[in-house]
file final27.cif (mmCIF, C-alpha atoms and all ligand atoms)
data_entry
loop_
_atom_site.label_atom_id
_atom_site.label_comp_id
_atom_site.auth_asym_id
_atom_site.auth_seq_id
_atom_site.Cartn_x
_atom_site.Cartn_y
_atom_site.Cartn_z
CA LEU E 1 41.14 -164.71 305.56
CA ILE E 2 43.64 -164.41 308.40
CA GLY E 3 47.01 -166.11 308.06
CA VAL E 4 49.13 -166.95 311.10
CA PHE E 5 52.68 -168.16 310.70
CA ASP E 6 55.65 -169.20 312.76
CA SER E 7 58.80 -171.26 312.26
CA GLY E 8 56.94 -174.19 313.79
CA VAL E 9 54.28 -174.91 316.39
CA GLY E 10 55.11 -171.90 318.59
CA GLY E 11 52.61 -169.63 316.89
CA LEU E 12 49.88 -171.91 318.14
CA SER E 13 50.21 -170.07 321.46
CA VAL E 14 48.82 -167.04 319.59
CA TRP E 15 46.39 -169.13 317.55
CA ARG E 16 44.81 -170.63 320.69
CA GLN E 17 43.99 -167.11 321.89
CA LEU E 18 42.91 -165.71 318.54
CA ALA E 19 40.89 -168.50 316.92
CA PRO E 20 38.16 -168.73 319.62
CA CYS E 21 37.72 -164.92 319.56
CA LEU E 22 36.87 -164.87 315.84
CA PRO E 23 34.83 -168.04 315.39
CA ASN E 24 33.34 -166.91 312.06
CA VAL E 25 36.54 -165.81 310.41
CA PRO E 26 38.43 -168.27 308.21
CA MET E 27 42.04 -168.77 309.30
CA ILE E 28 45.12 -170.56 308.07
CA TYR E 29 48.06 -171.57 310.22
CA LEU E 30 51.44 -172.16 308.61
CA GLY E 31 54.37 -173.70 310.52
CA ASP E 32 57.63 -173.51 308.60
CA GLN E 33 58.97 -176.63 310.24
CA ALA E 34 61.29 -177.44 307.36
CA HIS E 35 63.34 -174.48 308.59
CA VAL E 36 62.80 -174.40 312.35
CA PRO E 37 64.51 -173.02 314.39
CA TYR E 38 64.72 -169.50 312.98
CA GLY E 39 66.40 -168.25 316.14
CA ALA E 40 69.95 -169.20 315.26
CA ARG E 41 69.81 -168.06 311.63
CA THR E 42 71.19 -164.92 310.02
CA GLY E 43 68.93 -161.92 309.51
CA ASP E 44 68.96 -162.45 305.74
CA GLU E 45 67.85 -166.05 306.11
CA VAL E 46 65.00 -165.17 308.47
CA ARG E 47 63.82 -162.40 306.16
CA GLU E 48 63.90 -164.71 303.16
CA LEU E 49 61.93 -167.44 304.99
CA ALA E 50 59.38 -165.00 306.39
CA GLU E 51 58.91 -163.55 302.93
CA ARG E 52 58.22 -167.00 301.47
CA CYS E 53 55.64 -167.76 304.18
CA THR E 54 53.99 -164.38 303.59
CA ARG E 55 53.86 -164.78 299.82
CA TRP E 56 52.25 -168.20 300.18
CA LEU E 57 49.62 -166.93 302.63
CA ILE E 58 48.81 -163.99 300.35
CA GLU E 59 48.45 -166.34 297.38
CA ARG E 60 45.92 -168.30 299.40
CA GLY E 61 43.94 -165.12 299.94
CA CYS E 62 45.05 -163.79 303.33
CA SER E 63 44.56 -160.06 303.77
CA VAL E 64 45.67 -159.99 307.41
CA ILE E 65 48.83 -161.82 308.46
CA VAL E 66 49.84 -162.41 312.05
CA ILE E 67 53.55 -163.03 312.36
CA ALA E 68 53.22 -165.25 315.42
CA CYS E 69 56.97 -165.36 315.80
CA ASN E 70 59.15 -162.85 317.62
CA THR E 71 62.19 -163.88 315.64
CA ALA E 72 60.59 -163.29 312.23
CA SER E 73 59.02 -160.05 313.47
CA ALA E 74 62.38 -158.81 314.72
CA ASP E 75 64.08 -159.26 311.37
CA ALA E 76 61.33 -159.13 308.78
CA LEU E 77 58.30 -157.12 309.92
CA HIS E 78 59.57 -153.84 308.58
CA SER E 79 60.59 -155.16 305.16
CA LEU E 80 57.39 -157.21 304.78
CA ARG E 81 55.28 -154.09 305.35
CA VAL E 82 57.24 -152.27 302.66
CA GLN E 83 57.12 -155.19 300.26
CA PHE E 84 53.44 -156.08 300.69
CA PRO E 85 51.70 -152.74 301.29
CA LYS E 86 48.19 -154.10 300.71
CA THR E 87 48.50 -156.68 303.46
CA ALA E 88 47.91 -155.78 307.10
CA PHE E 89 50.58 -157.30 309.36
CA VAL E 90 50.43 -157.92 313.07
CA GLY E 91 53.90 -158.50 314.45
CA MET E 92 55.33 -159.30 317.85
CA GLU E 93 57.88 -157.70 320.11
CA PRO E 94 58.91 -158.75 323.62
CA ALA E 95 56.44 -157.34 326.18
CA VAL E 96 59.03 -155.15 327.87
CA LYS E 97 56.63 -152.27 328.45
CA PRO E 98 54.17 -154.06 330.76
CA ALA E 99 57.10 -155.79 332.46
CA ALA E 100 58.84 -152.48 333.20
CA GLN E 101 55.57 -151.10 334.58
CA HIS E 102 55.01 -154.10 336.79
CA THR E 103 58.41 -154.79 338.32
CA HIS E 104 58.98 -153.93 342.00
CA THR E 105 62.58 -155.09 342.18
CA GLY E 106 63.51 -153.08 339.07
CA VAL E 107 64.81 -156.21 337.36
CA ILE E 108 63.05 -157.93 334.47
CA GLY E 109 64.10 -160.99 332.52
CA VAL E 110 63.44 -161.42 328.80
CA LEU E 111 63.49 -164.96 327.50
CA ALA E 112 63.90 -165.14 323.73
CA THR E 113 65.99 -166.36 320.83
CA GLN E 114 69.31 -164.86 319.90
CA VAL E 115 67.94 -163.22 316.75
CA THR E 116 65.20 -161.46 318.73
CA LEU E 117 67.56 -160.19 321.43
CA ARG E 118 70.20 -158.88 319.06
CA GLY E 119 67.70 -157.15 316.75
CA ARG E 120 66.98 -153.47 316.33
CA LEU E 121 63.34 -153.92 317.33
CA PHE E 122 64.32 -155.18 320.78
CA ALA E 123 66.93 -152.44 321.21
CA SER E 124 64.30 -149.83 320.47
CA VAL E 125 61.72 -151.42 322.81
CA LYS E 126 64.30 -151.40 325.61
CA GLU E 127 65.24 -147.82 324.94
CA ARG E 128 61.62 -146.65 324.86
CA PHE E 129 60.19 -148.56 327.79
CA ALA E 130 62.92 -149.89 330.02
CA SER E 131 65.41 -147.12 330.58
CA ASN E 132 64.72 -147.19 334.34
CA VAL E 133 64.94 -150.92 334.91
CA THR E 134 67.57 -153.59 334.56
CA VAL E 135 66.83 -155.89 331.65
CA LEU E 136 68.36 -159.35 331.86
CA GLU E 137 68.47 -161.07 328.49
CA GLN E 138 68.30 -164.83 328.38
CA VAL E 139 68.80 -166.80 325.17
CA CYS E 140 66.93 -170.00 325.91
CA LYS E 141 68.85 -172.55 323.95
CA GLU E 142 66.91 -175.65 322.97
CA TRP E 143 63.55 -174.52 324.34
CA VAL E 144 62.18 -174.23 320.81
CA GLU E 145 63.45 -177.70 320.00
CA ALA E 146 61.89 -179.02 323.20
CA VAL E 147 58.47 -177.64 322.29
CA GLU E 148 58.81 -178.91 318.75
CA GLY E 149 59.17 -182.25 320.47
CA TRP E 150 62.33 -183.42 318.84
CA LYS E 151 64.95 -182.87 321.49
CA VAL E 152 65.49 -183.20 325.22
CA GLY E 153 62.51 -185.21 326.22
CA ARG E 154 59.05 -185.60 324.82
CA LEU E 155 55.97 -183.50 325.13
CA GLU E 156 53.97 -186.32 326.62
CA GLY E 157 56.21 -186.17 329.65
CA TRP E 158 55.39 -182.59 330.57
CA ASP E 159 53.43 -183.37 333.66
CA ASN E 160 56.00 -185.83 334.86
CA SER E 161 58.50 -185.63 337.63
CA SER E 162 61.11 -182.96 338.03
CA ASN E 163 63.83 -185.12 336.52
CA PHE E 164 62.10 -184.78 333.15
CA PRO E 165 64.88 -183.35 330.93
CA THR E 166 62.90 -180.36 329.67
CA PHE E 167 62.32 -179.27 333.26
CA GLN E 168 66.08 -179.25 333.85
CA LEU E 169 66.49 -177.21 330.68
CA VAL E 170 63.92 -174.67 331.81
CA LYS E 171 65.43 -174.49 335.28
CA ARG E 172 68.90 -173.87 333.89
CA HIS E 173 67.75 -170.71 332.10
CA VAL E 174 65.22 -169.39 334.60
CA GLU E 175 67.09 -169.81 337.89
CA PRO E 176 69.90 -167.36 337.04
CA LEU E 177 67.27 -164.68 336.43
CA LEU E 178 65.62 -165.36 339.79
CA ALA E 179 69.02 -165.33 341.46
CA GLN E 180 69.52 -161.81 340.07
CA ASN E 181 66.23 -160.74 341.62
CA ALA E 182 64.06 -160.58 338.50
CA ASP E 183 60.40 -160.44 339.51
CA THR E 184 58.91 -160.19 336.02
CA LEU E 185 59.70 -162.55 333.17
CA VAL E 186 58.76 -161.86 329.57
CA LEU E 187 58.16 -164.77 327.21
CA GLY E 188 59.74 -163.31 324.08
CA CYS E 189 59.26 -166.34 321.86
CA THR E 190 55.92 -167.85 320.94
CA HIS E 191 57.09 -171.37 321.69
CA PHE E 192 57.71 -170.53 325.34
CA PRO E 193 54.15 -170.15 326.69
CA PHE E 194 53.83 -173.90 326.23
CA LEU E 195 56.59 -174.29 328.81
CA LEU E 196 54.76 -172.13 331.32
CA PRO E 197 53.90 -175.00 333.72
CA LEU E 198 57.61 -175.82 333.96
CA ILE E 199 58.60 -172.17 334.34
CA GLU E 200 56.07 -171.75 337.13
CA ARG E 201 57.27 -174.87 338.86
CA THR E 202 60.83 -173.57 338.71
CA ILE E 203 59.67 -170.31 340.31
CA ASP E 204 57.72 -172.14 343.02
CA ASP E 205 60.71 -174.35 343.85
CA TRP E 206 62.98 -171.33 343.97
CA ARG E 207 60.69 -169.39 346.29
CA ALA E 208 60.30 -172.41 348.54
CA THR E 209 64.05 -172.50 349.10
CA HIS E 210 64.63 -168.72 349.06
CA PRO E 211 62.16 -167.20 351.52
CA GLN E 212 63.27 -163.63 350.72
CA ALA E 213 62.58 -164.03 347.01
CA SER E 214 59.86 -161.84 345.54
CA GLU E 215 56.75 -163.02 343.79
CA VAL E 216 57.35 -163.46 340.09
CA MET E 217 55.00 -162.62 337.25
CA VAL E 218 55.40 -164.25 333.85
CA ILE E 219 54.06 -162.35 330.83
CA ASP E 220 52.69 -164.25 327.85
CA PRO E 221 52.06 -161.64 325.13
CA ALA E 222 49.73 -163.90 323.12
CA PRO E 223 46.42 -162.47 324.46
CA ALA E 224 47.53 -158.92 323.64
CA VAL E 225 48.62 -159.95 320.16
CA ALA E 226 45.29 -161.70 319.60
CA ARG E 227 43.47 -158.51 320.65
CA GLN E 228 45.60 -156.49 318.25
CA ALA E 229 44.86 -158.94 315.43
CA MET E 230 41.13 -158.60 316.15
CA ARG E 231 41.39 -154.82 315.98
CA VAL E 232 43.27 -154.96 312.69
CA TRP E 233 40.76 -157.45 311.26
CA GLY E 234 37.91 -155.21 312.37
CA GLU E 235 39.41 -152.19 310.61
CA HIS E 236 39.23 -153.94 307.26
CA GLU E 237 36.16 -154.65 305.21
CA HIS E 238 36.05 -158.35 304.59
CA THR E 239 33.72 -160.86 303.14
CA GLN E 240 33.66 -163.89 305.34
CA ASP E 241 32.58 -167.04 303.62
CA SER E 242 33.31 -169.73 306.11
CA ALA E 243 34.77 -170.40 309.48
CA SER E 244 37.29 -172.85 308.13
CA ARG E 245 40.48 -173.62 309.98
CA GLU E 246 43.42 -174.95 308.03
CA PHE E 247 46.79 -176.09 309.33
CA TRP E 248 49.78 -176.38 307.04
CA THR E 249 53.39 -177.31 307.67
CA THR E 250 56.46 -177.28 305.47
CA GLY E 251 57.68 -180.23 307.55
CA ASP E 252 56.11 -183.57 308.28
CA ALA E 253 52.32 -183.35 308.62
CA GLN E 254 51.95 -186.34 310.93
CA ARG E 255 54.55 -184.96 313.23
CA PHE E 256 52.91 -181.55 313.22
CA ASP E 257 49.57 -183.16 314.04
CA ALA E 258 50.98 -185.13 316.94
CA VAL E 259 52.61 -182.12 318.58
CA ALA E 260 49.92 -179.56 317.73
CA SER E 261 47.18 -181.82 319.10
CA VAL E 262 49.00 -182.02 322.44
CA LEU E 263 49.59 -178.26 322.52
CA LEU E 264 46.06 -177.23 321.53
CA GLY E 265 44.23 -180.00 323.34
CA TYR E 266 42.17 -181.04 320.33
CA VAL E 267 42.79 -183.13 317.26
CA VAL E 268 44.65 -181.24 314.55
CA ARG E 269 44.96 -182.41 310.94
CA SER E 270 47.50 -180.57 308.86
CA GLN E 271 48.66 -180.72 305.27
CA GLN E 272 52.18 -180.48 303.99
CA VAL E 273 53.33 -177.81 301.58
CA VAL E 274 56.66 -177.08 299.96
CA ILE E 275 57.20 -173.35 299.67
N1 LIG E 301 58.56 -169.05 317.82
C1 LIG E 301 59.59 -168.20 317.39
C2 LIG E 301 59.69 -166.91 318.13
O1 LIG E 301 58.69 -166.42 318.59
C3 LIG E 301 60.80 -168.71 316.71
C4 LIG E 301 61.60 -169.73 317.34
C5 LIG E 301 62.66 -170.28 316.43
O2 LIG E 301 62.31 -170.78 315.36
O3 LIG E 301 63.83 -170.17 316.77
O4 LIG E 301 60.73 -166.34 318.25
#
call {"tool": "encode", "arguments": {"input": "final27.cif", "output": "structure tokens", "more": "lines below"}}
Ligand code: DGL
result
Amino acid sequence: LIGVFDSGVGGLSVWRQLAPCLPNVPMIYLGDQAHVPYGARTGDEVRELAERCTRWLIERGCSVIVIACNTASADALHSLRVQFPKTAFVGMEPAVKPAAQHTHTGVIGVLATQVTLRGRLFASVKERFASNVTVLEQVCKEWVEAVEGWKVGRLEGWDNSSNFPTFQLVKRHVEPLLAQNADTLVLGCTHFPFLLPLIERTIDDWRATHPQASEVMVIDPAPAVARQAMRVWGEHEHTQDSASREFWTTGDAQRFDAVASVLLGYVVRSQQVVI
């Protein structure tokens, strides 16, 4: 059984890559929506919450756990591996390496939560892979809330006009990076790939009004994480009894279903759990 967890619906950006690749493997998704967002919490809080999610997934029989959350990976991946040595963990870190390899302007932008950007994991990734490039760090306030659907506009409005509030929010955080000549943007939070259409529209608008601006590539790490999860799954001997898919939330199940169904493009039915 593979468990995938996040503070909320963000991890579904990993789930949507992973689930179709392993159609015969049972999987459980857990969104800890009672505690979202993780990004503004202390390290101790994030570790405690990630540990609770992990324990619950292990109790349900998961032998591989994908931490589909950069914030939880930043603070808890190391301690979870020590604490649960029999479980195989797949964690996330901002995709700075491919960004540093790709950039032509020598400037990359990393969009993430505060916890991720201030963590040791990110510092080490920068040191290892980005010593020759300028790394602009952007804490994207309220993006997580926007994707969770409970602040600044509603999901249903995504395809709407450019005065849609979430578009303004996206613009506010992306434009300063473009103005500083970033040509590669890293989505360092699993909620953010769902904002990709708005990020791309911001880039298109910017390039239309700044003819000298370079082309911009946006990196969603979810496909690479899904590949890594498949490798890890393959390295373990498992008995697979069903291809069941379960969705759980520590928040409101109806709310989860409404948002997750929009994000995944199919009807999702979740159950609530208190952990
Ligand atoms: N989706 C998460 C991440 O990848 C966490 C966002 C949050 O809860 O603040 O960082």
call {"tool": "residues_near_ligand", "arguments": {"input": "final27.cif", "ligand": "ligand LIG 301 (chain E)", "cutoff": "6 Å", "atoms": "all atoms listed in the file", "output": "mmCIF file with C-alpha atoms, keeping the file's coordinate frame"}}
result
data_model
loop_
_atom_site.group_PDB
_atom_site.id
_atom_site.type_symbol
_atom_site.label_atom_id
_atom_site.label_comp_id
_atom_site.auth_asym_id
_atom_site.auth_seq_id
_atom_site.Cartn_x
_atom_site.Cartn_y
_atom_site.Cartn_z
ATOM 1 C CA ASP E 6 55.650 -169.200 312.760
ATOM 2 C CA SER E 7 58.800 -171.260 312.260
ATOM 3 C CA GLY E 10 55.110 -171.900 318.590
ATOM 4 C CA VAL E 36 62.800 -174.400 312.350
ATOM 5 C CA PRO E 37 64.510 -173.020 314.390
ATOM 6 C CA TYR E 38 64.720 -169.500 312.980
ATOM 7 C CA GLY E 39 66.400 -168.250 316.140
ATOM 8 C CA CYS E 69 56.970 -165.360 315.800
ATOM 9 C CA ASN E 70 59.150 -162.850 317.620
ATOM 10 C CA THR E 71 62.190 -163.880 315.640
ATOM 11 C CA THR E 113 65.990 -166.360 320.830
ATOM 12 C CA VAL E 144 62.180 -174.230 320.810
ATOM 13 C CA CYS E 189 59.260 -166.340 321.860
ATOM 14 C CA THR E 190 55.920 -167.850 320.940
ATOM 15 C CA HIS E 191 57.090 -171.370 321.690
#
call {"tool": "closest_residue", "arguments": {"input": "final27.cif", "among": "E:Asp183, E:Asp75, E:Glu246, E:Glu175", "to": "Arg47 in chain E", "atoms": "all atoms listed in the file"}}
result
E:Asp75
call {"tool": "closest_residue", "arguments": {"input": "final27.cif", "among": "E:Arg60, E:Arg16, E:His35, E:His102", "to": "Glu48 in chain E", "atoms": "only C-alpha atoms"}}
result
E:His35
call {"tool": "closest_residue", "arguments": {"input": "final27.cif", "among": "E:Val225, E:Leu195, E:Val133, E:Val174", "to": "Lys97 in chain E", "atoms": "all atoms listed in the file"}}
result
E:Val133
call {"tool": "residues_near_point", "arguments": {"input": "final27.cif", "point": "(41.1, -152.5, 308.8)", "cutoff": "12 Å", "atoms": "all atoms listed in the file", "output": "number ranges by chain"}}
result
E: 63-64, 86-90, 228-238
call {"tool": "closest_residue", "arguments": {"input": "final27.cif", "among": "E:Ala68, E:Leu80, E:Leu185, E:Val274", "to": "Leu111 in chain E", "atoms": "all atoms listed in the file"}}
result
E:Leu185
call {"tool": "closest_residue", "arguments": {"input": "final27.cif", "among": "E:Ala253, E:Met217, E:Leu169, E:Val9", "to": "Ala99 in chain E", "atoms": "only C-alpha atoms"}}
result
E:Met217
call {"tool": "atom_distance", "arguments": {"input": "final27.cif", "atom1": "CA of Ala182 in chain E", "atom2": "CA of Ala222 in chain E"}}
result
21.3 Å
call {"tool": "closest_residue", "arguments": {"input": "final27.cif", "among": "E:Val262, E:Leu22, E:Met27, E:Ala130", "to": "Gly109 in chain E", "atoms": "all atoms listed in the file"}}
result
E:Ala130
call {"tool": "atom_distance", "arguments": {"input": "final27.cif", "atom1": "CA of Ala40 in chain E", "atom2": "CA of Val268 in chain E"}}
result
28.0 Å
call {"tool": "residues_around", "arguments": {"input": "final27.cif", "residues": "Arg269 in chain E", "least_positions_apart": "5", "cutoff": "9 Å", "atoms": "all atoms listed in the file", "output": "short mmCIF file (atom, residue, chain, number, x, y, z; two decimals) with C-alpha atoms, in the frame of the given file"}}
result
data_model
loop_
_atom_site.label_atom_id
_atom_site.label_comp_id
_atom_site.auth_asym_id
_atom_site.auth_seq_id
_atom_site.Cartn_x
_atom_site.Cartn_y
_atom_site.Cartn_z
CA GLU E 246 43.42 -174.95 308.03
CA PHE E 247 46.79 -176.09 309.33
CA TRP E 248 49.78 -176.38 307.04
CA ALA E 253 52.32 -183.35 308.62
CA GLN E 254 51.95 -186.34 310.93
CA PHE E 256 52.91 -181.55 313.22
CA ASP E 257 49.57 -183.16 314.04
CA ALA E 258 50.98 -185.13 316.94
CA ALA E 260 49.92 -179.56 317.73
CA SER E 261 47.18 -181.82 319.10
#
call {"tool": "build_atoms", "arguments": {"input": "final27.cif", "residues": "range 256-267 of chain E", "atoms": "all heavy atoms", "output": "JSON list (two decimals), in the coordinates of the input"}}
result
[["chain", "number", "residue", "atom", "x", "y", "z"],
["E", 256, "PHE", "N", 53.58, -182.79, 312.83],
["E", 256, "PHE", "CA", 52.91, -181.55, 313.22],
["E", 256, "PHE", "C", 51.63, -181.88, 313.98],
["E", 256, "PHE", "O", 51.36, -181.33, 315.05],
["E", 256, "PHE", "CB", 52.58, -180.70, 311.99],
["E", 256, "PHE", "CG", 51.90, -179.39, 312.31],
["E", 256, "PHE", "CD1", 52.63, -178.23, 312.50],
["E", 256, "PHE", "CD2", 50.51, -179.32, 312.47],
["E", 256, "PHE", "CE1", 52.00, -177.02, 312.81],
["E", 256, "PHE", "CE2", 49.88, -178.13, 312.79],
["E", 256, "PHE", "CZ", 50.63, -176.98, 312.96],
["E", 257, "ASP", "N", 50.85, -182.82, 313.43],
["E", 257, "ASP", "CA", 49.57, -183.16, 314.04],
["E", 257, "ASP", "C", 49.75, -183.68, 315.46],
["E", 257, "ASP", "O", 48.99, -183.33, 316.37],
["E", 257, "ASP", "CB", 48.84, -184.24, 313.21],
["E", 257, "ASP", "CG", 48.47, -183.71, 311.82],
["E", 257, "ASP", "OD1", 48.63, -182.50, 311.60],
["E", 257, "ASP", "OD2", 48.03, -184.52, 310.99],
["E", 258, "ALA", "N", 50.76, -184.53, 315.63],
["E", 258, "ALA", "CA", 50.98, -185.13, 316.94],
["E", 258, "ALA", "C", 51.29, -184.05, 317.97],
["E", 258, "ALA", "O", 50.69, -184.01, 319.07],
["E", 258, "ALA", "CB", 52.13, -186.14, 316.87],
["E", 259, "VAL", "N", 52.20, -183.15, 317.61],
["E", 259, "VAL", "CA", 52.61, -182.12, 318.58],
["E", 259, "VAL", "C", 51.50, -181.07, 318.76],
["E", 259, "VAL", "O", 51.14, -180.72, 319.89],
["E", 259, "VAL", "CB", 53.94, -181.45, 318.12],
["E", 259, "VAL", "CG1", 54.32, -180.33, 319.06],
["E", 259, "VAL", "CG2", 55.05, -182.49, 318.05],
["E", 260, "ALA", "N", 50.94, -180.62, 317.65],
["E", 260, "ALA", "CA", 49.92, -179.56, 317.73],
["E", 260, "ALA", "C", 48.69, -180.04, 318.51],
["E", 260, "ALA", "O", 48.08, -179.27, 319.26],
["E", 260, "ALA", "CB", 49.51, -179.12, 316.33],
["E", 261, "SER", "N", 48.35, -181.30, 318.37],
["E", 261, "SER", "CA", 47.18, -181.82, 319.10],
["E", 261, "SER", "C", 47.43, -181.80, 320.60],
["E", 261, "SER", "O", 46.52, -181.51, 321.38],
["E", 261, "SER", "CB", 46.84, -183.23, 318.63],
["E", 261, "SER", "OG", 46.56, -183.25, 317.25],
["E", 262, "VAL", "N", 48.67, -182.10, 321.01],
["E", 262, "VAL", "CA", 49.00, -182.02, 322.44],
["E", 262, "VAL", "C", 48.93, -180.56, 322.91],
["E", 262, "VAL", "O", 48.34, -180.24, 323.94],
["E", 262, "VAL", "CB", 50.41, -182.60, 322.73],
["E", 262, "VAL", "CG1", 50.82, -182.33, 324.16],
["E", 262, "VAL", "CG2", 50.44, -184.09, 322.43],
["E", 263, "LEU", "N", 49.50, -179.67, 322.10],
["E", 263, "LEU", "CA", 49.59, -178.26, 322.52],
["E", 263, "LEU", "C", 48.21, -177.60, 322.56],
["E", 263, "LEU", "O", 47.93, -176.79, 323.46],
["E", 263, "LEU", "CB", 50.51, -177.47, 321.60],
["E", 263, "LEU", "CG", 51.97, -177.93, 321.54],
["E", 263, "LEU", "CD1", 52.75, -177.05, 320.57],
["E", 263, "LEU", "CD2", 52.62, -177.90, 322.92],
["E", 264, "LEU", "N", 47.36, -177.91, 321.60],
["E", 264, "LEU", "CA", 46.06, -177.23, 321.53],
["E", 264, "LEU", "C", 44.98, -177.97, 322.31],
["E", 264, "LEU", "O", 43.94, -177.41, 322.64],
["E", 264, "LEU", "CB", 45.62, -177.06, 320.07],
["E", 264, "LEU", "CG", 46.43, -176.07, 319.24],
["E", 264, "LEU", "CD1", 45.92, -176.03, 317.81],
["E", 264, "LEU", "CD2", 46.37, -174.66, 319.84],
["E", 265, "GLY", "N", 45.22, -179.25, 322.57],
["E", 265, "GLY", "CA", 44.23, -180.00, 323.34],
["E", 265, "GLY", "C", 43.05, -180.47, 322.50],
["E", 265, "GLY", "O", 42.02, -180.85, 323.04],
["E", 266, "TYR", "N", 43.17, -180.41, 321.19],
["E", 266, "TYR", "CA", 42.17, -181.04, 320.33],
["E", 266, "TYR", "C", 42.86, -181.60, 319.09],
["E", 266, "TYR", "O", 44.02, -181.28, 318.84],
["E", 266, "TYR", "CB", 41.04, -180.07, 319.95],
["E", 266, "TYR", "CG", 41.46, -178.74, 319.35],
["E", 266, "TYR", "CD1", 41.80, -178.63, 318.00],
["E", 266, "TYR", "CD2", 41.50, -177.58, 320.12],
["E", 266, "TYR", "CE1", 42.15, -177.41, 317.44],
["E", 266, "TYR", "CE2", 41.86, -176.36, 319.57],
["E", 266, "TYR", "CZ", 42.19, -176.28, 318.22],
["E", 266, "TYR", "OH", 42.55, -175.07, 317.68],
["E", 267, "VAL", "N", 42.14, -182.44, 318.37],
["E", 267, "VAL", "CA", 42.79, -183.13, 317.26],
["E", 267, "VAL", "C", 43.02, -182.17, 316.08],
["E", 267, "VAL", "O", 42.10, -181.51, 315.61],
["E", 267, "VAL", "CB", 41.93, -184.34, 316.80],
["E", 267, "VAL", "CG1", 42.57, -185.01, 315.57],
["E", 267, "VAL", "CG2", 41.79, -185.33, 317.94]]
